[in-house]
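One structure below.
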Amino acid sequence: MGHDTGVKVYNSLTRRKDPLIVANVEAASWYSCGPTVYDHAHLGHACSYVRFDIIRRILTKVFGCNIVMVMGITDVDDKIIKRANEMNISPTSLATFYEEDFKQDMATLKVLPPTVYLRVTENIPQIISFIEGIIASGHAYSTMKGNVYFDVKSRGDKYGKLVGVAPDPVGELVDSDKRHASDFALWKAAKPQEIFWPSPWGSGRPGWHIECSTISSLIFGSQLDIHSGGIDLAFPHHENEIAQCEVFHQCKQWGNYFLHSGHLHVKGKEEKMSKSLKNYVTIKDFLKTFSPDVFRLFCMRSNYRSAIDYSDSTMQEAHQLLLGIASFIEDAQAYMKGQLACATIREDQLWERLTNTKVAVKAAFADDFDTPRALDAVMDLIHHGNRQLKAVTKETAGPRSPAVFGAVVSYIQQFLETVGISLANQQLISGDSSSATLCSVVDELVRFRQTVRQYALATQETCREAQQQQLLERKPLLQACDDLRKDLIMHSINIKDRSSTTSTWELLDPRTKEPKPGN
């Protein structure tokens, strides 16, 4: 039963690649663990969310899945309470601030928002009802202290179905009121000066794992197609979610596919980027140096399940790769406009390469979203396109073949759009009329400079000595043209003289003074 998407995914539940079959292609259900909002998000968080955003876009745009994504926001937690006390503000104010901060970071990184966000604090009655259902099924118990725990041993050998053998608990308190050390909290009794809600077991607040089970079940009921998160969430968080949902819904299998992303490692160290290790870079600090598109391309260069090394050098490699893509598109468009003269184009070869690339990219996407292989196929197409875009003088130029380059450029732009990378001129898409005016002014300036430069290079005299004298007299004009080009670089505008009669311009990234992709 269900709809076969045509994709094979690595399912942590089965530990193999399985055909991705969703219950309803018009409403494929996807639950994503959201942030615990007590501080700024860092690149480790960004890496996971960007990787799953790429997967979501591929499923939607390439394989025709309409995805309903739900994300839970943990806005009450030990860390939130501790941080709020340190800052002498309410946990609610702290959580609200960092929730909005997280959403802004995700928007800047071009991560599509979920269909709906659900906050824990807005669903406390529903969480209490969910806990009552688990108690009624005989899989949880309350204590004299007002805590409620899930009885792990009541699950028998079903507990550990996601991670195999569940690791032994460590660091348990001696005075714990649990029956068994492996039992986990569904409801935590209130401590002095902590935020709390009334419940049948006394004042308190939810445990972490029950929040996601309740929120997902509120929207999707007893069956979930896809559950995603970082690999560190597999145990205990996702394992406990499975246990809770399957006893509450009394079903054999609640979530069908569990997708886990690899850690972002600090290069040279075998440790993940995390706040606890104090080795993190915030998203905001990162974006002072590199663009969201560079980070997205960086994420695409490895399989989403693998660990990925972060360093300045790996980011620079992604940056250069993006510049290479943008440079090819710019040259191909210049060729199409007649601004770049080339030798005879082997159209048959390029058409064949384009067809093969389309097949290779779709096959890579269908194989557990293999973005490195898809990217390699596109870069190979660009390599062959560049080999045919060698500039020659107009006298030796061959017949023009703009259509094939138009098709190649269109496909590459479509590929980038699919994965959320935009090479469009940022000034033109900003919606700001003053930006469009600025582009028009630069166009006019470059056109005027080209007229002056063309006049300076043109010689009407027939004898060699007279030509040299004329060029000498006009040298200040050429110098002025060069000076203008150099001066405009300071304002992030780069003029390219493609021939004595043609010039084009592009925006530079103000952070690096290198060409901004898409201009």
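Following the order of the structure tokens, first chain is A, next is B, and so on, with residues numbered from 1 inside each chain and ligands from 1 in the order they appear.
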
Q | For stretch 389-403 of chain A: contacts at 12 Å, only C-alpha atoms, fewer than 4 positions along chain excluded, given as a ChimeraX atom specification | A | /A:327-348,350-351,382-385,407-410,498-502

Q | Contact residues around stretch 43-48 of chain A with only C-alpha atoms at 6 Å, ignoring same-chain residues under 4 positions, as a PyMOL selection string | A | chain A and resi 261+264+273+281-283

Keeping C-alpha atoms for every residue in the selection just given, could you write it to a file as a tab-separated table (two decimals), in the first residue's frame?
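And here is the file that came out, part16.tsv:
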chain	number	residue	atom	x	y	z
A	261	SER	CA	22.32	13.34	9.37
A	264	LEU	CA	29.64	18.57	11.53
A	273	MET	CA	30.62	20.96	16.79
A	281	VAL	CA	30.69	28.92	15.22
A	282	THR	CA	27.33	30.70	15.24
A	283	ILE	CA	25.42	31.00	11.98

Q: Please run DSSP on the backbone and report, as a count of residues only, all residues within stretch 194-403 of chain A that come out as alpha helix (DSSP H).
A: 102

Q: Counting only C-alpha atoms, figure out which residue out of A:Arg51, A:Arg57, A:Arg179, A:Arg447 gets nearest to A:Arg301.
A: A:Arg51

(Q) List as number ranges by chain the protein and nucleic acid residues near A:Thr355, meaning an atom at most 12 Å away when only C-alpha atoms are counted, but skip any in the same chain fewer than 2 places from it. (A) A: 348-353, 357-362, 377-378, 381, 404, 407-408, 411
